[in-house]
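Engineer: Once you've had a glance at the structure underneath, I'll fire off some questions.
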Amino acid sequence: MDFSVKSFEVGPVAANCYILKDNNSNAGVVIDPGGNPEKILSAIKEMGVEVKFIALTHGHFDHIGGLKDVKKALDVPVLIHEYDGDMLIDAKRNLSAFVGAPGEMEAADVLLKDGDNISFGDCSLRVISTPGHTLGSVCFYGGGALFSGDTLFAGSVGRTDFPGGSTEEILNSIRNRLAKVPSATKVFPGHGPASTMEIERETNPFF
């Protein structure tokens, strides 16, 4: 990979937050700051990362719970797919209203579309639209890595019983939208351990 990855669990349901750092510079990105903002900010400082933006795989509360404080501290743009944009400003849509901690954020700075490229330093990630968990779920692909959010897990897939979810869509996203991702690609999911596309193609029953 052209960048290093630090992963740790945050928030009430142990969502994975990722901090990426370009190997040739200090430029980086935060993916899914789902909680524990002080933990995220401490890791950024320790790594010496100059965060260029915060990228969200989708808009559920467990992936955005630390967003407000992290954005305030870093003063960088927030990126999310256009179909999930409203989730940041709607506690019912991001599900936080149903877990006893209603949370509404500021609107995103950038609304992403399928095929967009987001760059930090000499590195870039391509946005792959993968609806199914939510309408605007995306994966970020680049440098031999796939940040799959709650679309693809090691041995499983994300839930489809929330508003905007669709079993048909998530299976289509996995079997068709992710079909061109090389087998050697390392998969960094929204929950649980990392995997590879080769392992998932061979063992994941949803492929």
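We label chains A, B, ... in the order they appear in the structure tokens, count residues from 1 in each chain, and number ligands from 1 in the order shown.
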Find the spatial neighbours of A:Pro205, counting only C-alpha atoms, within a cut-off of 10 Å - ignore same-chain residues fewer than 6 positions away - and output them as a list of chain:residue names.
Structural biologist: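 Neighbouring residues, sequence-local ones excluded: A:Gly155, A:Ser156, A:Val157.
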Engineer: Keeping N, CA and C atoms, export the residues of the selection given above as a PDB file, in the first residue's frame.
Structural biologist:
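out36.pdb, freshly written:
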ATOM      1  N   GLY A 155     -16.587 -12.734   6.203  1.00  0.00           N
ATOM      2  CA  GLY A 155     -17.525 -13.839   6.303  1.00  0.00           C
ATOM      3  C   GLY A 155     -18.991 -13.458   6.324  1.00  0.00           C
ATOM      4  N   SER A 156     -19.304 -12.191   6.126  1.00  0.00           N
ATOM      5  CA  SER A 156     -20.699 -11.781   6.215  1.00  0.00           C
ATOM      6  C   SER A 156     -20.918 -10.472   5.465  1.00  0.00           C
ATOM      7  N   VAL A 157     -22.132  -9.923   5.617  1.00  0.00           N
ATOM      8  CA  VAL A 157     -22.479  -8.638   5.018  1.00  0.00           C
ATOM      9  C   VAL A 157     -23.246  -7.814   6.046  1.00  0.00           C
TER      10      VAL A 157
END
Engineer: Within 6 Å of stretch 130-132 of chain A, counting only C-alpha atoms, which residues qualify if same-chain residues fewer than 5 places away don't, as a PDB file with N, CA and C atoms, in the first residue's frame?
Structural biologist:
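part-v3.pdb, written as the output of this step:
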ATOM      1  N   SER A 137     -24.509   3.888   0.821  1.00  0.00           N
ATOM      2  CA  SER A 137     -23.304   3.184   1.285  1.00  0.00           C
ATOM      3  C   SER A 137     -22.252   3.156   0.184  1.00  0.00           C
ATOM      4  N   VAL A 138     -21.008   3.362   0.571  1.00  0.00           N
ATOM      5  CA  VAL A 138     -19.906   3.302  -0.381  1.00  0.00           C
ATOM      6  C   VAL A 138     -18.754   2.500   0.202  1.00  0.00           C
ATOM      7  N   GLY A 165     -32.396   0.099   3.462  1.00  0.00           N
ATOM      8  CA  GLY A 165     -31.672  -1.138   3.231  1.00  0.00           C
ATOM      9  C   GLY A 165     -32.383  -2.042   2.237  1.00  0.00           C
ATOM     10  N   SER A 166     -31.614  -2.913   1.592  1.00  0.00           N
ATOM     11  CA  SER A 166     -32.179  -3.842   0.616  1.00  0.00           C
ATOM     12  C   SER A 166     -31.249  -5.034   0.470  1.00  0.00           C
ATOM     13  N   GLU A 169     -30.153  -5.328  -3.133  1.00  0.00           N
ATOM     14  CA  GLU A 169     -29.150  -4.338  -3.507  1.00  0.00           C
ATOM     15  C   GLU A 169     -27.779  -4.673  -2.930  1.00  0.00           C
ATOM     16  N   ILE A 170     -27.729  -5.122  -1.674  1.00  0.00           N
ATOM     17  CA  ILE A 170     -26.415  -5.387  -1.090  1.00  0.00           C
ATOM     18  C   ILE A 170     -25.755  -6.589  -1.761  1.00  0.00           C
ATOM     19  N   SER A 173     -24.432  -5.350  -4.990  1.00  0.00           N
ATOM     20  CA  SER A 173     -23.225  -4.553  -4.762  1.00  0.00           C
ATOM     21  C   SER A 173     -22.003  -5.446  -4.572  1.00  0.00           C
TER      22      SER A 173
END
Engineer: For A:Leu111, please output as a list in words all residues within 12 Å (counting only C-alpha atoms; exclusion window: fewer than 2 positions along the same chain).
Structural biologist: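 Contacts, with the query itself left out: Ala55, Leu56, Thr57, His58, Pro77, Val78, Leu79, Ile80, His81, Glu82, Tyr83, Asp84, Gly85, Asp86, Leu88, Ala107, Ala108, Asp109, Lys113, Asp114, Asp116, Ile118, Val127, Gly136 and Val138 of chain A.
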Engineer: Between A:Arg175, A:Lys186, A:His133, A:Lys92, which one has atoms that come closest to A:Ala154, using only C-alpha atoms?
Structural biologist: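 When distances to A:Ala154 are compared using only C-alpha atoms, the smallest one comes from A:Lys186.
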Engineer: Could you write out, as a PyMOL selection string, all the residues of chain A that DSSP marks as helix (DSSP H, G or I)?
Structural biologist: chain A and resi 37-47+61-64+67-74+82-89+96-98+167-177+197-203
Engineer: Using DSSP assignments from the backbone, pull out every residue in stretch 127-201 of chain A that falls under strand (DSSP E) and give it to me as a PyMOL selection string.
Structural biologist: chain A and resi 127-129+138-142+145-149+152-153+156-157+186-189+195-196
Engineer: Counting only C-alpha atoms, what is within 9 Å of stretch 176-183 of chain A, bar same-chain residues fewer than 6 positions away, as a VMD selection string?
Structural biologist: chain A and resid 128 to 130 139 141 144 146 196 to 201
Engineer: Filtering to C-alpha atoms, could you give me those residues as a compact mmCIF listing (two decimals), in the first residue's frame?
Structural biologist:
# COMPACT_ATOMS: atom_id res chain seq x y z
CA ILE A 128 -17.48 2.66 -5.24
CA SER A 129 -21.21 3.03 -4.71
CA THR A 130 -22.47 -0.09 -2.90
CA CYS A 139 -16.59 1.52 -0.32
CA TYR A 141 -10.75 1.55 -2.86
CA GLY A 144 -4.46 -2.38 -2.54
CA LEU A 146 -10.85 -1.66 0.29
CA THR A 196 -8.87 -10.11 1.78
CA MET A 197 -11.04 -10.25 -1.30
CA GLU A 198 -9.60 -13.68 -2.09
CA ILE A 199 -10.71 -15.08 1.25
CA GLU A 200 -14.14 -13.50 0.93
CA ARG A 201 -14.69 -14.85 -2.57
Engineer: I want to know what sits within 7 Å of A:Gly11, based on only C-alpha atoms, with residues of the same chain fewer than 5 positions away left out; could you give that as a list in words?
Structural biologist: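 These residues fall inside the cut-off: Gly34, Gly35, Asn36, Asp62 and Gly65 of chain A.
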Engineer: Find the spatial neighbours of stretch 94-100 of chain A, counting only C-alpha atoms, within a cut-off of 6 Å - ignore same-chain residues fewer than 4 positions away - and output them as a PDB file with N, CA and C atoms, in the first residue's frame.
Structural biologist:
ATOM      1  N   GLY A  59     -24.118   6.806   6.670  1.00  0.00           N
ATOM      2  CA  GLY A  59     -24.515   7.784   7.665  1.00  0.00           C
ATOM      3  C   GLY A  59     -25.097   7.288   8.962  1.00  0.00           C
ATOM      4  N   HIS A  60     -24.920   6.022   9.313  1.00  0.00           N
ATOM      5  CA  HIS A  60     -25.459   5.523  10.576  1.00  0.00           C
ATOM      6  C   HIS A  60     -24.684   6.060  11.776  1.00  0.00           C
ATOM      7  N   PHE A  61     -25.389   6.174  12.916  1.00  0.00           N
ATOM      8  CA  PHE A  61     -24.836   6.810  14.109  1.00  0.00           C
ATOM      9  C   PHE A  61     -23.525   6.197  14.567  1.00  0.00           C
ATOM     10  N   MET A  87     -28.669  12.098   6.185  1.00  0.00           N
ATOM     11  CA  MET A  87     -28.590  11.340   7.436  1.00  0.00           C
ATOM     12  C   MET A  87     -27.802  12.095   8.505  1.00  0.00           C
TER      13      MET A  87
END
Engineer: For A:Asp22, which residue among A:Ser7, A:Asn204, A:Ser119, A:Thr167 is the nearest when counting only C-alpha atoms?
Structural biologist: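 Once distances to A:Asp22 are computed over only C-alpha atoms, the minimum belongs to A:Ser119.
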Engineer: Between A:Lys45, A:Ile54, A:Glu9, A:Ser195, which is the closest to A:Val110 once you count only C-alpha atoms?
Structural biologist: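 Ranking A:Lys45, A:Ile54, A:Glu9, A:Ser195 by distance to A:Val110, first place goes to A:Ile54.
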Engineer: What's the separation between atom CA of A:Glu202 and atom CA of A:Thr151, in Å to one decimal place?
Structural biologist: 17.2 Å
Engineer: Find the distance between atom CA of A:Asn16 and atom CA of A:Phe153 and write it in Å to one decimal.
Structural biologist: 11.3 Å
Engineer: For stretch 50-52 of chain A, work out the shell of residues within 7 Å, counting only C-alpha atoms and skipping chain neighbours fewer than 3 positions away, then give it as a ChimeraX atom specification.
Structural biologist: /A:26-30,76,120
Engineer: Would you mind exporting the chosen residues as an mmCIF file, in the first residue's frame, restricted to N, CA and C atoms?
Structural biologist:
data_model
loop_
_atom_site.group_PDB
_atom_site.id
_atom_site.type_symbol
_atom_site.label_atom_id
_atom_site.label_comp_id
_atom_site.auth_asym_id
_atom_site.auth_seq_id
_atom_site.Cartn_x
_atom_site.Cartn_y
_atom_site.Cartn_z
ATOM 1 N N ASN A 26 2.892 13.666 5.216
ATOM 2 C CA ASN A 26 2.078 13.570 6.423
ATOM 3 C C ASN A 26 0.581 13.603 6.117
ATOM 4 N N ALA A 27 0.218 13.731 4.849
ATOM 5 C CA ALA A 27 -1.186 13.867 4.475
ATOM 6 C C ALA A 27 -1.958 12.594 4.793
ATOM 7 N N GLY A 28 -3.186 12.757 5.250
ATOM 8 C CA GLY A 28 -3.977 11.581 5.593
ATOM 9 C C GLY A 28 -5.462 11.850 5.588
ATOM 10 N N VAL A 29 -6.203 10.838 6.006
ATOM 11 C CA VAL A 29 -7.658 10.906 6.026
ATOM 12 C C VAL A 29 -8.174 10.077 7.195
ATOM 13 N N VAL A 30 -9.289 10.499 7.748
ATOM 14 C CA VAL A 30 -9.995 9.720 8.765
ATOM 15 C C VAL A 30 -11.240 9.132 8.116
ATOM 16 N N VAL A 76 -11.670 20.305 8.845
ATOM 17 C CA VAL A 76 -11.482 19.755 7.504
ATOM 18 C C VAL A 76 -12.842 19.359 6.927
ATOM 19 N N PHE A 120 -5.198 12.357 -1.043
ATOM 20 C CA PHE A 120 -4.443 12.900 0.084
ATOM 21 C C PHE A 120 -2.976 12.606 -0.184
#
